[in-house]
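Below: the structure, in structure tokens.
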Amino acid sequence: MRKLAPFFVALGAISFGVPATLMKIARSEGVVNGPLLFWSFLSAVVILGVIHIARRRWLRYQHTNWKQLLAVMAAGTASGFTNTFYIQSLKLIPVAAAAVMLMQAVWLSVLLGSLIHKRRPSRLQVISIVLVLIGTVLAAGLFPITQPLSLWGLFLAFLAACAYACTIQFTAMLGNNLDPLSKTWLLCVGAFLLISVVWGPQIVSAPVTFDTLKWAFWIAIFSMVFPLVAYSIFMQYLDLGIGPILSSLELPASITIAFLVLGERVDWLQIVGVLVIIGAVILPNVWGMRRQNQLR
């Protein structure tokens with residue numbers, strides 16, 4: 001399992017880079033955002049629920065209570081907000097720009113963690129944050145501006161990053177005594193309930209088509225089921241710091257898939273920006289592993 005862990009965690013990160021392109025394709029085929037998100041999360045809840053039942057890891061045997069279960073489901077609503085803001089941003093900006101803005105969750109989660117734990121970010125973390133911001137300007141095509149970019153679209157993608165940062169922090173803090181796949185299922189249930197409320201009017205009025213169900217299923221597989229299962233099972237076998245490094249593969253995967261499938265234009269400055277962001281993610285983890293090895 002330990003030898004396979006890096007491979008499957010890397011595949012999980014790459015899988016996270018697929019849904020944005022699938023959402024764009026679904027939209028081009030006339031699929032409406034609300035039903036697409038609704039059936040995506042419902043598919044994930046059902047699939048993970050079946051896995052949960054098959055494994056027979058019943059919640060009543062996991063030393064939990066209703067307050068904790070509700071808290072984990074409430075944390076899952078952040079994932080619902082992430083997808084809501086993200087899919088709305090894709091109507092206005094290219095996948096590459098939206099993916100880059102979503103990567104702001106890296107430094108936002110550091111900032112949020114510092115506020116929650118009342119602890120200042122380290123000097124290395126501050127350097128990483130600055131590098132992420134510089135990389136964002138380049139990778140989003142903001143310097144120089146060679147094509148019109150919707151500021152509202154960028155703002156929606158940034159809100160998605162804020163929600164994603166909340167997901168990272170709150171899911172790390174809550175329900176740590178639960179089985180990882182059971183916790184993942186509860187998070188998806190919370191996100192599904194939020195999507196049902198936020199998109200309720202559109203879900204009721206829009207027709208359910210075969211295209212909607214088809215793309216919803218594949219989005220659920222690539223954005224929730226496969227990566228979350230891969231992370232839950234294999235992340236524990238990785239050395240400290242390797243997980244976040246492999247997770248950064250999501251961004252180049254998003255941009256590469258959008259380039260290959262959608263034909264979105266990517267220039268050399270955007271590639272440099274992506275490399276800067278990935279470097280900013282890798283830097284603190286590599287440095288942390290070096291310090292740990294020196295202390296041993």
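For the structure tokens, the naming scheme is as follows: chains receive sequential letters (A, B, ...) according to their order of presentation, residues are indexed from 1 within each chain, and ligands are indexed from 1 in presentation order.
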>> Can you tell me which residues surround A:Tyr86 at a distance of at most 12 Å, considering only C-alpha atoms, apart from same-chain residues fewer than 5 positions away, and format the answer as an MDAnalysis selection string?
In response: chainID A and resid 19:21 23:24 33 37 79:81 91:95 97:103 152:164
Under the rule of at most 12 Å, produce a per-residue listing of stretch 190-265 of chain A near stretch 57-73 of chain A: chain, number, name, the closest pair of atoms, and the distance in Å, as CSV, using only C-alpha atoms.
```
residue,atom,partner,partner_atom,distance
A:Gly190,CA,A:Met73,CA,4.1
A:Ala191,CA,A:Met73,CA,7.4
A:Phe192,CA,A:Met73,CA,9.5
A:Leu193,CA,A:Met73,CA,9.0
A:Leu194,CA,A:Met73,CA,9.9
```
> So which one's closest to A:Ser182, A:Ile134, A:Leu90, A:Ile277, A:Leu228? Using only C-alpha atoms, please.
Replying inline: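 Ranked by minimum distance to A:Ser182, first place goes to A:Leu228.
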>> Need the shell around A:Thr209: protein/DNA/RNA residues with any atom at most 12 Å away, counting only C-alpha atoms. Skip same-chain ones fewer than 2 positions apart. Format as an MDAnalysis selection string?
In response: chainID A and resid 26 29:32 35:36 39 203 206:207 211:216
With C-alpha atoms kept, could you save the residues just selected as a PDB file, in the first residue's frame?
```pdb
ATOM      1  CA  ALA A  26     -22.010  20.344 -20.016  1.00  0.00           C
ATOM      2  CA  GLU A  29     -24.690  21.218 -24.338  1.00  0.00           C
ATOM      3  CA  GLY A  30     -27.394  23.239 -22.607  1.00  0.00           C
ATOM      4  CA  VAL A  31     -27.137  21.724 -19.130  1.00  0.00           C
ATOM      5  CA  VAL A  32     -28.267  24.137 -16.392  1.00  0.00           C
ATOM      6  CA  PRO A  35     -29.544  20.564 -11.728  1.00  0.00           C
ATOM      7  CA  LEU A  36     -25.950  19.719 -12.704  1.00  0.00           C
ATOM      8  CA  TRP A  39     -27.344  15.492  -9.447  1.00  0.00           C
ATOM      9  CA  ILE A 203     -33.774  22.439  -9.773  1.00  0.00           C
ATOM     10  CA  ALA A 206     -35.389  22.943 -15.112  1.00  0.00           C
ATOM     11  CA  PRO A 207     -36.053  19.659 -16.963  1.00  0.00           C
ATOM     12  CA  ASP A 211     -27.046  15.022 -20.617  1.00  0.00           C
ATOM     13  CA  THR A 212     -27.592  16.424 -17.122  1.00  0.00           C
ATOM     14  CA  LEU A 213     -27.443  12.986 -15.494  1.00  0.00           C
ATOM     15  CA  LYS A 214     -24.491  11.896 -17.650  1.00  0.00           C
ATOM     16  CA  TRP A 215     -22.271  14.868 -16.878  1.00  0.00           C
ATOM     17  CA  ALA A 216     -23.392  14.981 -13.225  1.00  0.00           C
TER      18      ALA A 216
END
```
